[in-house]
file run-v3.cif (mmCIF, C-alpha atoms)
data_coords
loop_
_atom_site.group_PDB
_atom_site.id
_atom_site.type_symbol
_atom_site.label_atom_id
_atom_site.label_comp_id
_atom_site.auth_asym_id
_atom_site.auth_seq_id
_atom_site.Cartn_x
_atom_site.Cartn_y
_atom_site.Cartn_z
ATOM 1 C CA MET A 92 0.000 0.000 0.000
ATOM 2 C CA ALA A 93 1.026 3.624 -0.398
ATOM 3 C CA GLU A 94 3.710 4.555 2.117
ATOM 4 C CA ARG A 95 3.493 8.290 1.436
ATOM 5 C CA ALA A 96 0.377 9.352 -0.433
ATOM 6 C CA LEU A 97 -0.569 12.650 -2.030
ATOM 7 C CA VAL A 98 -4.315 13.151 -2.472
ATOM 8 C CA THR A 99 -5.104 16.072 -4.752
ATOM 9 C CA GLY A 100 -8.545 17.425 -3.963
ATOM 10 C CA GLY A 101 -8.198 15.717 -0.594
ATOM 11 C CA ALA A 102 -10.452 18.224 1.171
ATOM 12 C CA GLY A 103 -13.296 17.412 -1.203
ATOM 13 C CA PHE A 104 -16.012 14.792 -1.016
ATOM 14 C CA ILE A 105 -14.308 11.734 -2.496
ATOM 15 C CA GLY A 106 -10.818 12.847 -1.556
ATOM 16 C CA SER A 107 -11.591 13.262 2.142
ATOM 17 C CA ASN A 108 -13.140 9.800 2.302
ATOM 18 C CA LEU A 109 -10.049 8.386 0.606
ATOM 19 C CA VAL A 110 -7.756 10.225 3.022
ATOM 20 C CA ARG A 111 -9.427 8.541 5.985
ATOM 21 C CA GLU A 112 -9.012 5.069 4.526
ATOM 22 C CA LEU A 113 -5.364 5.706 3.699
ATOM 23 C CA LEU A 114 -4.741 6.811 7.277
ATOM 24 C CA THR A 115 -6.500 3.695 8.557
ATOM 25 C CA ARG A 116 -4.084 1.621 6.493
ATOM 26 C CA GLY A 117 -1.056 3.366 7.941
ATOM 27 C CA SER A 118 -0.126 5.679 5.064
ATOM 28 C CA ALA A 119 1.395 9.101 5.602
ATOM 29 C CA VAL A 120 -0.967 11.481 3.784
ATOM 30 C CA ARG A 121 -0.482 14.887 2.211
ATOM 31 C CA VAL A 122 -3.472 16.791 0.813
ATOM 32 C CA PHE A 123 -3.182 19.312 -2.019
ATOM 33 C CA ASP A 124 -6.312 21.437 -2.451
ATOM 34 C CA ASP A 125 -7.161 25.016 -3.383
ATOM 35 C CA LEU A 126 -10.292 24.821 -1.190
ATOM 36 C CA SER A 127 -12.487 26.246 -3.942
ATOM 37 C CA THR A 128 -14.910 23.326 -3.615
ATOM 38 C CA GLY A 129 -13.130 21.292 -0.941
ATOM 39 C CA ARG A 130 -13.560 22.190 2.738
ATOM 40 C CA ARG A 131 -11.164 22.005 5.638
ATOM 41 C CA GLU A 132 -14.147 20.858 7.727
ATOM 42 C CA ASN A 133 -14.109 17.609 5.728
ATOM 43 C CA LEU A 134 -10.767 16.814 7.390
ATOM 44 C CA ALA A 135 -11.536 18.281 10.807
ATOM 45 C CA ASP A 136 -11.385 14.973 12.670
ATOM 46 C CA VAL A 137 -8.098 13.895 11.042
ATOM 47 C CA ASP A 138 -6.315 17.219 10.519
ATOM 48 C CA VAL A 139 -3.587 16.424 13.072
ATOM 49 C CA ASP A 140 -2.671 13.345 11.032
ATOM 50 C CA VAL A 141 -2.667 14.999 7.600
ATOM 51 C CA GLU A 142 -0.381 17.555 5.989
ATOM 52 C CA VAL A 143 -2.582 20.027 4.107
ATOM 53 C CA VAL A 144 -0.953 22.059 1.342
ATOM 54 C CA GLU A 145 -3.116 24.791 -0.142
ATOM 55 C CA GLY A 146 -2.433 25.304 -3.834
ATOM 56 C CA ASP A 147 -3.813 25.325 -7.371
ATOM 57 C CA LEU A 148 -3.485 22.474 -9.869
ATOM 58 C CA ARG A 149 -2.870 25.066 -12.564
ATOM 59 C CA ASP A 150 0.376 26.094 -10.834
ATOM 60 C CA PRO A 151 3.058 23.575 -11.910
ATOM 61 C CA GLU A 152 5.556 24.727 -9.283
ATOM 62 C CA ALA A 153 3.031 24.282 -6.457
ATOM 63 C CA VAL A 154 2.105 20.843 -7.782
ATOM 64 C CA ALA A 155 5.783 19.859 -7.969
ATOM 65 C CA ARG A 156 6.386 20.918 -4.357
ATOM 66 C CA ALA A 157 3.369 18.929 -3.191
ATOM 67 C CA THR A 158 4.507 15.833 -5.099
ATOM 68 C CA ASP A 159 8.066 15.844 -3.776
ATOM 69 C CA GLY A 160 8.777 12.858 -1.552
ATOM 70 C CA VAL A 161 5.538 10.905 -2.083
ATOM 71 C CA SER A 162 5.262 7.340 -3.359
ATOM 72 C CA HIS A 163 1.686 7.428 -4.679
ATOM 73 C CA VAL A 164 -0.537 10.145 -6.105
ATOM 74 C CA PHE A 165 -4.318 9.831 -5.966
ATOM 75 C CA HIS A 166 -5.392 12.598 -8.321
ATOM 76 C CA GLN A 167 -8.928 13.467 -7.248
ATOM 77 C CA GLY A 168 -8.618 17.231 -7.681
ATOM 78 C CA ALA A 169 -10.794 18.842 -10.375
ATOM 79 C CA VAL A 170 -13.328 21.517 -11.091
ATOM 80 C CA PRO A 171 -16.382 19.237 -10.950
ATOM 81 C CA SER A 172 -19.844 19.437 -12.498
ATOM 82 C CA VAL A 173 -21.119 19.198 -16.066
ATOM 83 C CA PRO A 174 -23.317 22.336 -15.719
ATOM 84 C CA ARG A 175 -20.377 24.339 -14.377
ATOM 85 C CA SER A 176 -18.264 23.290 -17.368
ATOM 86 C CA VAL A 177 -21.024 24.347 -19.751
ATOM 87 C CA LYS A 178 -21.064 27.763 -18.101
ATOM 88 C CA ASP A 179 -17.267 28.107 -17.848
ATOM 89 C CA PRO A 180 -15.470 25.618 -20.127
ATOM 90 C CA LEU A 181 -12.096 27.359 -19.943
ATOM 91 C CA THR A 182 -11.725 26.927 -16.181
ATOM 92 C CA SER A 183 -12.768 23.272 -16.402
ATOM 93 C CA HIS A 184 -10.135 22.672 -19.076
ATOM 94 C CA GLU A 185 -7.360 24.472 -17.209
ATOM 95 C CA ALA A 186 -7.997 22.677 -13.911
ATOM 96 C CA ASN A 187 -8.905 19.240 -15.223
ATOM 97 C CA ALA A 188 -6.790 18.828 -18.359
ATOM 98 C CA THR A 189 -3.808 21.120 -17.797
ATOM 99 C CA GLY A 190 -3.936 20.410 -14.056
ATOM 100 C CA THR A 191 -3.696 16.672 -14.709
ATOM 101 C CA LEU A 192 -0.747 17.223 -17.035
ATOM 102 C CA ASN A 193 0.951 19.219 -14.275
ATOM 103 C CA VAL A 194 0.386 16.336 -11.847
ATOM 104 C CA LEU A 195 1.814 13.780 -14.275
ATOM 105 C CA VAL A 196 4.906 15.870 -15.048
ATOM 106 C CA ALA A 197 5.533 16.377 -11.322
ATOM 107 C CA ALA A 198 5.014 12.663 -10.638
ATOM 108 C CA ARG A 199 7.419 11.729 -13.432
ATOM 109 C CA ASP A 200 10.087 14.116 -12.170
ATOM 110 C CA ALA A 201 9.640 12.929 -8.562
ATOM 111 C CA GLN A 202 9.772 9.267 -9.678
ATOM 112 C CA VAL A 203 6.426 8.507 -8.055
ATOM 113 C CA GLU A 204 5.557 4.817 -8.015
ATOM 114 C CA ARG A 205 1.891 5.115 -9.027
ATOM 115 C CA VAL A 206 -0.635 7.723 -10.177
ATOM 116 C CA VAL A 207 -4.348 6.908 -9.863
ATOM 117 C CA PHE A 208 -6.504 9.367 -11.804
ATOM 118 C CA ALA A 209 -10.161 10.119 -11.113
ATOM 119 C CA SER A 210 -11.933 10.197 -14.464
ATOM 120 C CA SER A 211 -15.656 10.189 -15.194
ATOM 121 C CA SER A 212 -18.385 8.325 -17.029
ATOM 122 C CA SER A 213 -19.042 11.615 -18.828
ATOM 123 C CA VAL A 214 -16.276 10.672 -21.283
ATOM 124 C CA TYR A 215 -18.734 8.271 -22.964
ATOM 125 C CA GLY A 216 -21.381 10.897 -23.717
ATOM 126 C CA ASP A 217 -24.684 9.428 -24.851
ATOM 127 C CA ALA A 218 -23.442 5.899 -25.462
ATOM 128 C CA GLU A 219 -25.129 3.897 -28.174
ATOM 129 C CA GLU A 220 -25.353 0.811 -25.970
ATOM 130 C CA LEU A 221 -25.658 -0.091 -22.303
ATOM 131 C CA PRO A 222 -23.938 -1.111 -20.169
ATOM 132 C CA MET A 223 -20.976 1.031 -21.135
ATOM 133 C CA ARG A 224 -17.752 -0.889 -21.703
ATOM 134 C CA GLU A 225 -14.301 0.662 -21.731
ATOM 135 C CA THR A 226 -13.939 -0.362 -25.385
ATOM 136 C CA LEU A 227 -16.850 1.830 -26.506
ATOM 137 C CA PRO A 228 -16.057 5.022 -28.435
ATOM 138 C CA THR A 229 -15.682 8.074 -26.201
ATOM 139 C CA ARG A 230 -17.945 10.916 -27.350
ATOM 140 C CA PRO A 231 -18.255 13.408 -24.474
ATOM 141 C CA ILE A 232 -20.973 16.013 -24.952
ATOM 142 C CA SER A 233 -19.866 18.431 -22.217
ATOM 143 C CA PRO A 234 -16.633 20.373 -21.675
ATOM 144 C CA TYR A 235 -16.266 18.506 -18.371
ATOM 145 C CA GLY A 236 -16.293 15.166 -20.184
ATOM 146 C CA VAL A 237 -13.745 16.421 -22.706
ATOM 147 C CA SER A 238 -11.439 17.629 -19.911
ATOM 148 C CA LYS A 239 -11.600 14.256 -18.162
ATOM 149 C CA LEU A 240 -10.963 12.376 -21.383
ATOM 150 C CA SER A 241 -7.910 14.565 -21.922
ATOM 151 C CA GLY A 242 -6.625 13.552 -18.479
ATOM 152 C CA GLU A 243 -7.129 9.882 -19.338
ATOM 153 C CA ARG A 244 -5.213 10.252 -22.569
ATOM 154 C CA TYR A 245 -2.351 11.991 -20.816
ATOM 155 C CA CYS A 246 -2.202 9.127 -18.300
ATOM 156 C CA GLY A 247 -2.020 6.615 -21.145
ATOM 157 C CA ALA A 248 0.636 8.646 -22.939
ATOM 158 C CA PHE A 249 2.818 8.931 -19.828
ATOM 159 C CA ALA A 250 2.523 5.186 -19.272
ATOM 160 C CA ALA A 251 3.557 4.493 -22.875
ATOM 161 C CA THR A 252 6.267 7.140 -23.168
ATOM 162 C CA TYR A 253 7.823 7.231 -19.701
ATOM 163 C CA GLY A 254 6.853 3.824 -18.339
ATOM 164 C CA MET A 255 4.795 5.439 -15.566
ATOM 165 C CA ALA A 256 2.374 3.271 -13.622
ATOM 166 C CA THR A 257 -0.851 5.194 -14.214
ATOM 167 C CA VAL A 258 -4.398 3.915 -13.729
ATOM 168 C CA ALA A 259 -7.536 5.892 -14.652
ATOM 169 C CA LEU A 260 -10.869 5.173 -12.970
ATOM 170 C CA ARG A 261 -14.127 6.241 -14.605
ATOM 171 C CA TYR A 262 -16.494 7.143 -11.761
ATOM 172 C CA PHE A 263 -20.246 6.816 -12.231
ATOM 173 C CA ASN A 264 -22.370 9.246 -10.149
ATOM 174 C CA VAL A 265 -20.674 8.868 -6.794
ATOM 175 C CA PHE A 266 -22.618 9.664 -3.614
ATOM 176 C CA GLY A 267 -22.044 9.407 0.121
ATOM 177 C CA PRO A 268 -21.073 11.254 3.319
ATOM 178 C CA ARG A 269 -19.377 14.660 3.022
ATOM 179 C CA GLN A 270 -20.883 15.437 -0.364
ATOM 180 C CA ASN A 271 -21.772 19.116 -0.545
ATOM 181 C CA PRO A 272 -25.539 19.723 -0.953
ATOM 182 C CA VAL A 273 -25.530 23.527 -1.001
ATOM 183 C CA SER A 274 -23.485 24.477 -4.056
ATOM 184 C CA GLU A 275 -25.204 25.866 -7.139
ATOM 185 C CA TYR A 276 -23.845 22.780 -8.893
ATOM 186 C CA ALA A 277 -24.553 20.252 -6.131
ATOM 187 C CA ALA A 278 -25.076 16.644 -7.176
ATOM 188 C CA VAL A 279 -28.551 15.175 -7.135
ATOM 189 C CA VAL A 280 -28.197 12.761 -4.175
ATOM 190 C CA PRO A 281 -27.193 15.271 -1.457
ATOM 191 C CA ARG A 282 -29.735 17.784 -2.782
ATOM 192 C CA PHE A 283 -32.523 15.221 -2.650
ATOM 193 C CA ILE A 284 -31.551 13.956 0.800
ATOM 194 C CA THR A 285 -31.350 17.354 2.479
ATOM 195 C CA ALA A 286 -34.615 18.501 0.923
ATOM 196 C CA THR A 287 -36.367 15.265 1.958
ATOM 197 C CA LEU A 288 -35.117 15.508 5.549
ATOM 198 C CA ARG A 289 -36.387 19.090 5.717
ATOM 199 C CA GLY A 290 -39.723 18.318 4.080
ATOM 200 C CA GLU A 291 -38.921 20.632 1.179
ATOM 201 C CA PRO A 292 -39.668 20.026 -2.508
ATOM 202 C CA VAL A 293 -36.787 18.922 -4.712
ATOM 203 C CA VAL A 294 -35.958 20.136 -8.183
ATOM 204 C CA VAL A 295 -35.980 17.446 -10.883
ATOM 205 C CA PHE A 296 -34.565 18.385 -14.257
ATOM 206 C CA GLY A 297 -36.475 16.845 -17.150
ATOM 207 C CA ASP A 298 -39.000 14.058 -16.653
ATOM 208 C CA GLY A 299 -36.938 12.242 -14.005
ATOM 209 C CA GLU A 300 -36.757 9.061 -16.056
ATOM 210 C CA GLN A 301 -33.116 9.663 -16.943
ATOM 211 C CA SER A 302 -31.082 6.940 -15.242
ATOM 212 C CA ARG A 303 -27.695 6.717 -13.589
ATOM 213 C CA ASP A 304 -25.386 4.053 -12.153
ATOM 214 C CA PHE A 305 -25.286 5.562 -8.644
ATOM 215 C CA THR A 306 -22.170 4.385 -6.764
ATOM 216 C CA PHE A 307 -21.446 4.634 -3.036
ATOM 217 C CA VAL A 308 -18.228 6.447 -2.166
ATOM 218 C CA GLY A 309 -16.943 3.535 -0.063
ATOM 219 C CA ASP A 310 -16.677 1.424 -3.195
ATOM 220 C CA VAL A 311 -14.927 4.222 -5.078
ATOM 221 C CA VAL A 312 -12.362 4.482 -2.276
ATOM 222 C CA ALA A 313 -11.834 0.715 -2.429
ATOM 223 C CA ALA A 314 -11.293 0.911 -6.203
ATOM 224 C CA ASN A 315 -8.605 3.561 -5.729
ATOM 225 C CA LEU A 316 -6.737 1.375 -3.256
ATOM 226 C CA LEU A 317 -6.950 -1.615 -5.586
ATOM 227 C CA ALA A 318 -5.676 0.502 -8.478
ATOM 228 C CA ALA A 319 -2.740 1.596 -6.342
ATOM 229 C CA GLU A 320 -1.622 -2.023 -5.993
ATOM 230 C CA ALA A 321 -2.611 -3.481 -9.381
ATOM 231 C CA GLY A 322 0.000 -5.182 -11.535
ATOM 232 C CA LYS A 323 1.423 -4.099 -14.878
ATOM 233 C CA GLN A 324 -1.633 -5.271 -16.788
ATOM 234 C CA ALA A 325 -3.451 -2.240 -15.327
ATOM 235 C CA TRP A 326 -0.825 0.374 -16.186
ATOM 236 C CA GLY A 327 -2.038 2.954 -18.663
ATOM 237 C CA GLY A 328 -5.536 1.456 -18.496
ATOM 238 C CA VAL A 329 -8.988 2.864 -17.784
ATOM 239 C CA PHE A 330 -11.599 1.100 -15.660
ATOM 240 C CA ASN A 331 -15.259 1.710 -14.901
ATOM 241 C CA VAL A 332 -16.075 2.066 -11.208
ATOM 242 C CA ALA A 333 -19.788 1.585 -10.600
ATOM 243 C CA TYR A 334 -22.408 -1.107 -9.807
ATOM 244 C CA ASN A 335 -23.565 -2.292 -13.262
ATOM 245 C CA GLU A 336 -27.113 -1.262 -12.452
ATOM 246 C CA ARG A 337 -29.120 1.883 -13.026
ATOM 247 C CA HIS A 338 -31.902 3.752 -11.308
ATOM 248 C CA SER A 339 -33.960 6.640 -12.615
ATOM 249 C CA VAL A 340 -33.927 9.977 -10.833
ATOM 250 C CA ASN A 341 -37.566 9.358 -9.900
ATOM 251 C CA GLN A 342 -36.603 5.984 -8.369
ATOM 252 C CA LEU A 343 -33.778 7.671 -6.486
ATOM 253 C CA LEU A 344 -36.174 10.147 -4.905
ATOM 254 C CA GLU A 345 -38.593 7.362 -3.977
ATOM 255 C CA THR A 346 -35.806 5.278 -2.389
ATOM 256 C CA ILE A 347 -34.505 8.228 -0.364
ATOM 257 C CA GLY A 348 -38.001 8.757 0.998
ATOM 258 C CA ARG A 349 -38.270 5.089 1.936
ATOM 259 C CA VAL A 350 -34.884 4.672 3.635
ATOM 260 C CA SER A 351 -35.245 7.985 5.482
ATOM 261 C CA GLY A 352 -38.770 7.261 6.686
ATOM 262 C CA LYS A 353 -39.900 10.596 5.292
ATOM 263 C CA GLU A 354 -42.837 11.204 3.018
ATOM 264 C CA SER A 355 -41.571 12.588 -0.269
ATOM 265 C CA VAL A 356 -42.750 16.017 -1.339
ATOM 266 C CA ASP A 357 -43.849 16.351 -4.964
ATOM 267 C CA PRO A 358 -40.845 17.528 -6.994
ATOM 268 C CA VAL A 359 -40.579 20.788 -8.865
ATOM 269 C CA ARG A 360 -40.003 20.026 -12.554
ATOM 270 C CA GLU A 361 -37.563 22.109 -14.562
ATOM 271 C CA PRO A 362 -36.247 21.694 -18.124
ATOM 272 C CA ALA A 363 -33.455 19.210 -18.767
ATOM 273 C CA ARG A 364 -29.973 20.727 -18.523
ATOM 274 C CA PRO A 365 -27.607 21.017 -21.509
ATOM 275 C CA GLY A 366 -24.699 18.581 -21.385
ATOM 276 C CA ASP A 367 -26.561 15.969 -19.335
ATOM 277 C CA ILE A 368 -26.763 12.486 -20.827
ATOM 278 C CA ARG A 369 -29.974 10.458 -20.768
ATOM 279 C CA ASP A 370 -28.887 7.067 -19.405
ATOM 280 C CA SER A 371 -25.770 5.663 -17.811
ATOM 281 C CA GLN A 372 -24.799 2.172 -16.697
ATOM 282 C CA ALA A 373 -21.365 0.605 -16.420
ATOM 283 C CA ASP A 374 -19.974 -2.762 -17.328
ATOM 284 C CA ILE A 375 -17.549 -3.396 -14.442
ATOM 285 C CA SER A 376 -16.162 -6.744 -15.580
ATOM 286 C CA LEU A 377 -12.767 -5.289 -16.565
ATOM 287 C CA ALA A 378 -12.286 -3.677 -13.151
ATOM 288 C CA ARG A 379 -13.313 -6.956 -11.542
ATOM 289 C CA ASP A 380 -10.949 -9.062 -13.614
ATOM 290 C CA VAL A 381 -7.887 -6.772 -13.557
ATOM 291 C CA LEU A 382 -8.230 -4.812 -10.310
ATOM 292 C CA GLY A 383 -10.258 -7.272 -8.244
ATOM 293 C CA TYR A 384 -13.003 -4.665 -7.796
ATOM 294 C CA VAL A 385 -16.275 -6.017 -6.390
ATOM 295 C CA PRO A 386 -18.808 -3.523 -4.961
ATOM 296 C CA ARG A 387 -19.479 -4.075 -1.285
ATOM 297 C CA TRP A 388 -22.461 -1.814 -0.694
ATOM 298 C CA SER A 389 -25.826 -2.033 -2.431
ATOM 299 C CA PHE A 390 -27.663 1.028 -3.718
ATOM 300 C CA ASP A 391 -30.099 0.942 -0.774
ATOM 301 C CA GLU A 392 -27.352 0.362 1.810
ATOM 302 C CA GLY A 393 -25.287 3.230 0.460
ATOM 303 C CA LEU A 394 -28.264 5.564 0.512
ATOM 304 C CA ARG A 395 -29.146 4.514 4.059
ATOM 305 C CA LEU A 396 -25.617 5.291 5.277
ATOM 306 C CA THR A 397 -25.665 8.608 3.444
ATOM 307 C CA VAL A 398 -29.080 9.590 4.814
ATOM 308 C CA ASP A 399 -27.900 8.726 8.342
ATOM 309 C CA TRP A 400 -24.824 10.941 7.908
ATOM 310 C CA PHE A 401 -26.867 13.900 6.645
ATOM 311 C CA ARG A 402 -29.433 13.335 9.374
ATOM 312 C CA GLY A 403 -26.623 13.677 11.915
ATOM 313 C CA ILE A 404 -25.537 16.953 10.349
ATOM 314 C CA GLU A 405 -29.117 18.204 10.293
ATOM 315 C CA GLY A 406 -29.519 17.382 13.983
ATOM 316 C CA GLY A 407 -26.157 18.822 15.008
ATOM 317 C CA SER A 408 -25.059 22.319 15.851
ATOM 318 C CA GLY A 409 -23.356 23.032 12.514
ATOM 319 C CA SER A 410 -25.117 24.025 9.327
ATOM 320 C CA LEU A 411 -24.852 22.030 6.137
ATOM 321 C CA ALA A 412 -23.244 25.001 4.467
ATOM 322 C CA ARG A 413 -20.349 24.835 6.893
ATOM 323 C CA GLN A 414 -20.117 21.083 7.330
ATOM 324 C CA GLY A 415 -20.655 20.105 3.638
#
call {"tool": "encode", "arguments": {"input": "run-v3.cif", "output": "structure tokens"}}
result
Amino acid sequence: MAERALVTGGAGFIGSNLVRELLTRGSAVRVFDDLSTGRRENLADVDVDVEVVEGDLRDPEAVARATDGVSHVFHQGAVPSVPRSVKDPLTSHEANATGTLNVLVAARDAQVERVVFASSSSVYGDAEELPMRETLPTRPISPYGVSKLSGERYCGAFAATYGMATVALRYFNVFGPRQNPVSEYAAVVPRFITATLRGEPVVVFGDGEQSRDFTFVGDVVAANLLAAEAGKQAWGGVFNVAYNERHSVNQLLETIGRVSGKESVDPVREPARPGDIRDSQADISLARDVLGYVPRWSFDEGLRLTVDWFRGIEGGSGSLARQG
């Protein structure tokens, strides 16, 4: 396992969950984050055990300093959100594409043992067939998807050209504790959960029949750790990380109401958003065969754990805006 790990975006949702698991496994952990979407509060209970370096992925010198002396890089840092990329494609490109190149150059120069890159199912676009396999053509329809595909290609190029051990993981709609529900670009699961717990209506874009392969963050963390230890057959490769099942947004809202014990409020319907795909479902057989990835949590179990976490925040002294 990683002796000295750098987690870019380590103050964010997925990154902070990964940091905790790395610490549990005895790794020394450094976090690199500009705190634009990440929050120091996400690391509040482990801050004495983690070195936090504030910096921007677009700054190659800052990235190089953060990478110095580490054995593994878990590159989770990004400007997230498809809608945000539609509104501001240049920033998404600079942070996600150029930022990833900066990480890879720094990792090469520091002779890092392994780089695990957080990619996205958005690289597929509206796939012509489901479930989506890694061999399908990549046709992203949002600037965010293009920026993530660029990061994947850079990982593959560095593996081929410099012999770097890179692994790219395509995440499918990750949800779980510490996901921010209050941002303008907040993901659907934390928005739905907080609204349901408060008895407020939720906003559903489109007819709600669009479907996603919702994936609990605990399984995404496990996939990162497996990728960090995978053999040469994984180097330069890309792997889906999901459940190989899909649920509509309407089903998601219904399930949240059931596991939370709250009666769902009728949603507010708004037009579908540009850049959003209609359906998404992953074939995870390659990740299973090469990485040994097998999801541990079911959709319902993951939602129950997530609802319980948000319920604790709702009942505590801190606001969601601060605790995110």
call {"tool": "closest_residue", "arguments": {"input": "run-v3.cif", "among": "A:Leu192, A:Leu377, A:Val139, A:Ile404", "to": "A:Ala333", "atoms": "all atoms listed in the file"}}
result
A:Leu377
call {"tool": "resolve_selection", "arguments": {"input": "run-v3.cif", "expression": "the PyMOL selection byres ((chain A and resi 217) around 9)", "output": "ChimeraX atom specification"}}
result
/A:213,215-216,218-220,230-232,367-371
call {"tool": "atom_distance", "arguments": {"input": "run-v3.cif", "atom1": "atom CA of A:Val161", "atom2": "atom CA of A:Thr99"}}
result
12.1 Å
call {"tool": "resolve_selection", "arguments": {"input": "run-v3.cif", "expression": "the PyMOL selection byres ((chain A and resi 282) around 9)", "output": "PyMOL selection string"}}
result
chain A and resi 271-273+277-281+283-287+293-294
call {"tool": "residues_around", "arguments": {"input": "run-v3.cif", "residues": "stretch 315-326 of chain A", "least_positions_apart": "4", "cutoff": "8 Å", "atoms": "only C-alpha atoms", "output": "PyMOL selection string"}}
result
chain A and resi 92-93+163+165+205-207+250+255-258+260+311+381-384
call {"tool": "resolve_selection", "arguments": {"input": "run-v3.cif", "expression": "the PyMOL selection byres ((chain A and resi 356) around 8)", "output": "PDB file with C-alpha atoms, in the coordinates of the input"}}
result
ATOM      1  CA  THR A 287     -36.367  15.265   1.958  1.00  0.00           C
ATOM      2  CA  GLY A 290     -39.723  18.318   4.080  1.00  0.00           C
ATOM      3  CA  GLU A 291     -38.921  20.632   1.179  1.00  0.00           C
ATOM      4  CA  PRO A 292     -39.668  20.026  -2.508  1.00  0.00           C
ATOM      5  CA  VAL A 293     -36.787  18.922  -4.712  1.00  0.00           C
ATOM      6  CA  GLU A 354     -42.837  11.204   3.018  1.00  0.00           C
ATOM      7  CA  SER A 355     -41.571  12.588  -0.269  1.00  0.00           C
ATOM      8  CA  ASP A 357     -43.849  16.351  -4.964  1.00  0.00           C
ATOM      9  CA  PRO A 358     -40.845  17.528  -6.994  1.00  0.00           C
TER      10      PRO A 358
END
call {"tool": "closest_residue", "arguments": {"input": "run-v3.cif", "among": "A:Ser118, A:Ser176, A:Asn335, A:Ser127", "to": "A:Asp140", "atoms": "all atoms listed in the file"}}
result
A:Ser118
call {"tool": "residues_around", "arguments": {"input": "run-v3.cif", "residues": "stretch 102-108 of chain A", "least_positions_apart": "5", "cutoff": "9 Å", "atoms": "all atoms listed in the file", "output": "PyMOL selection string"}}
result
chain A and resi 113+122-126+128-134+143+165-168+265-271+308-309+311-312+415
call {"tool": "axis_aligned_box", "arguments": {"input": "run-v3.cif", "around": "stretch 176-189 of chain A", "padding_each_side": "5 Å", "output": "AutoDock Vina command-line options"}}
result
--center_x -12.4 --center_y 23.5 --center_z -17.0 --size_x 27.3 --size_y 19.3 --size_z 16.2
call {"tool": "residues_around", "arguments": {"input": "run-v3.cif", "residues": "A:Phe390", "least_positions_apart": "4", "cutoff": "9 Å", "atoms": "all atoms listed in the file", "output": "list in words"}}
result
Phe305, Thr306, Phe307, Tyr334, Leu394 and Arg395 of chain A
call {"tool": "atom_distance", "arguments": {"input": "run-v3.cif", "atom1": "atom CA of A:Gly101", "atom2": "atom CA of A:Leu240"}}
result
21.2 Å
call {"tool": "build_atoms", "arguments": {"input": "run-v3.cif", "residues": "stretch 292-303 of chain A", "atoms": "N, CA and C atoms", "output": "compact mmCIF listing (two decimals), in the frame of the given file"}}
result
# COMPACT_ATOMS: atom_id res chain seq x y z
N PRO A 292 -39.62 20.62 -1.17
CA PRO A 292 -39.67 20.03 -2.51
C PRO A 292 -38.28 19.99 -3.13
N VAL A 293 -38.06 19.02 -4.01
CA VAL A 293 -36.79 18.92 -4.71
C VAL A 293 -37.00 19.32 -6.16
N VAL A 294 -35.92 19.77 -6.77
CA VAL A 294 -35.96 20.14 -8.18
C VAL A 294 -35.49 18.94 -9.01
N VAL A 295 -36.32 18.52 -9.95
CA VAL A 295 -35.98 17.45 -10.88
C VAL A 295 -35.90 18.03 -12.28
N PHE A 296 -34.74 17.88 -12.91
CA PHE A 296 -34.56 18.39 -14.26
C PHE A 296 -35.06 17.34 -15.26
N GLY A 297 -35.90 17.77 -16.19
CA GLY A 297 -36.48 16.84 -17.15
C GLY A 297 -37.60 16.04 -16.53
N ASP A 298 -37.88 14.87 -17.13
CA ASP A 298 -39.00 14.06 -16.65
C ASP A 298 -38.64 13.14 -15.49
N GLY A 299 -37.36 13.09 -15.12
CA GLY A 299 -36.94 12.24 -14.00
C GLY A 299 -36.73 10.79 -14.38
N GLU A 300 -36.96 10.44 -15.62
CA GLU A 300 -36.76 9.06 -16.06
C GLU A 300 -35.34 8.81 -16.56
N GLN A 301 -34.53 9.87 -16.63
CA GLN A 301 -33.12 9.66 -16.94
C GLN A 301 -32.49 8.81 -15.84
N SER A 302 -31.60 7.91 -16.20
CA SER A 302 -31.08 6.94 -15.24
C SER A 302 -29.57 7.05 -15.09
N ARG A 303 -29.11 6.65 -13.90
CA ARG A 303 -27.70 6.72 -13.59
C ARG A 303 -27.26 5.48 -12.82
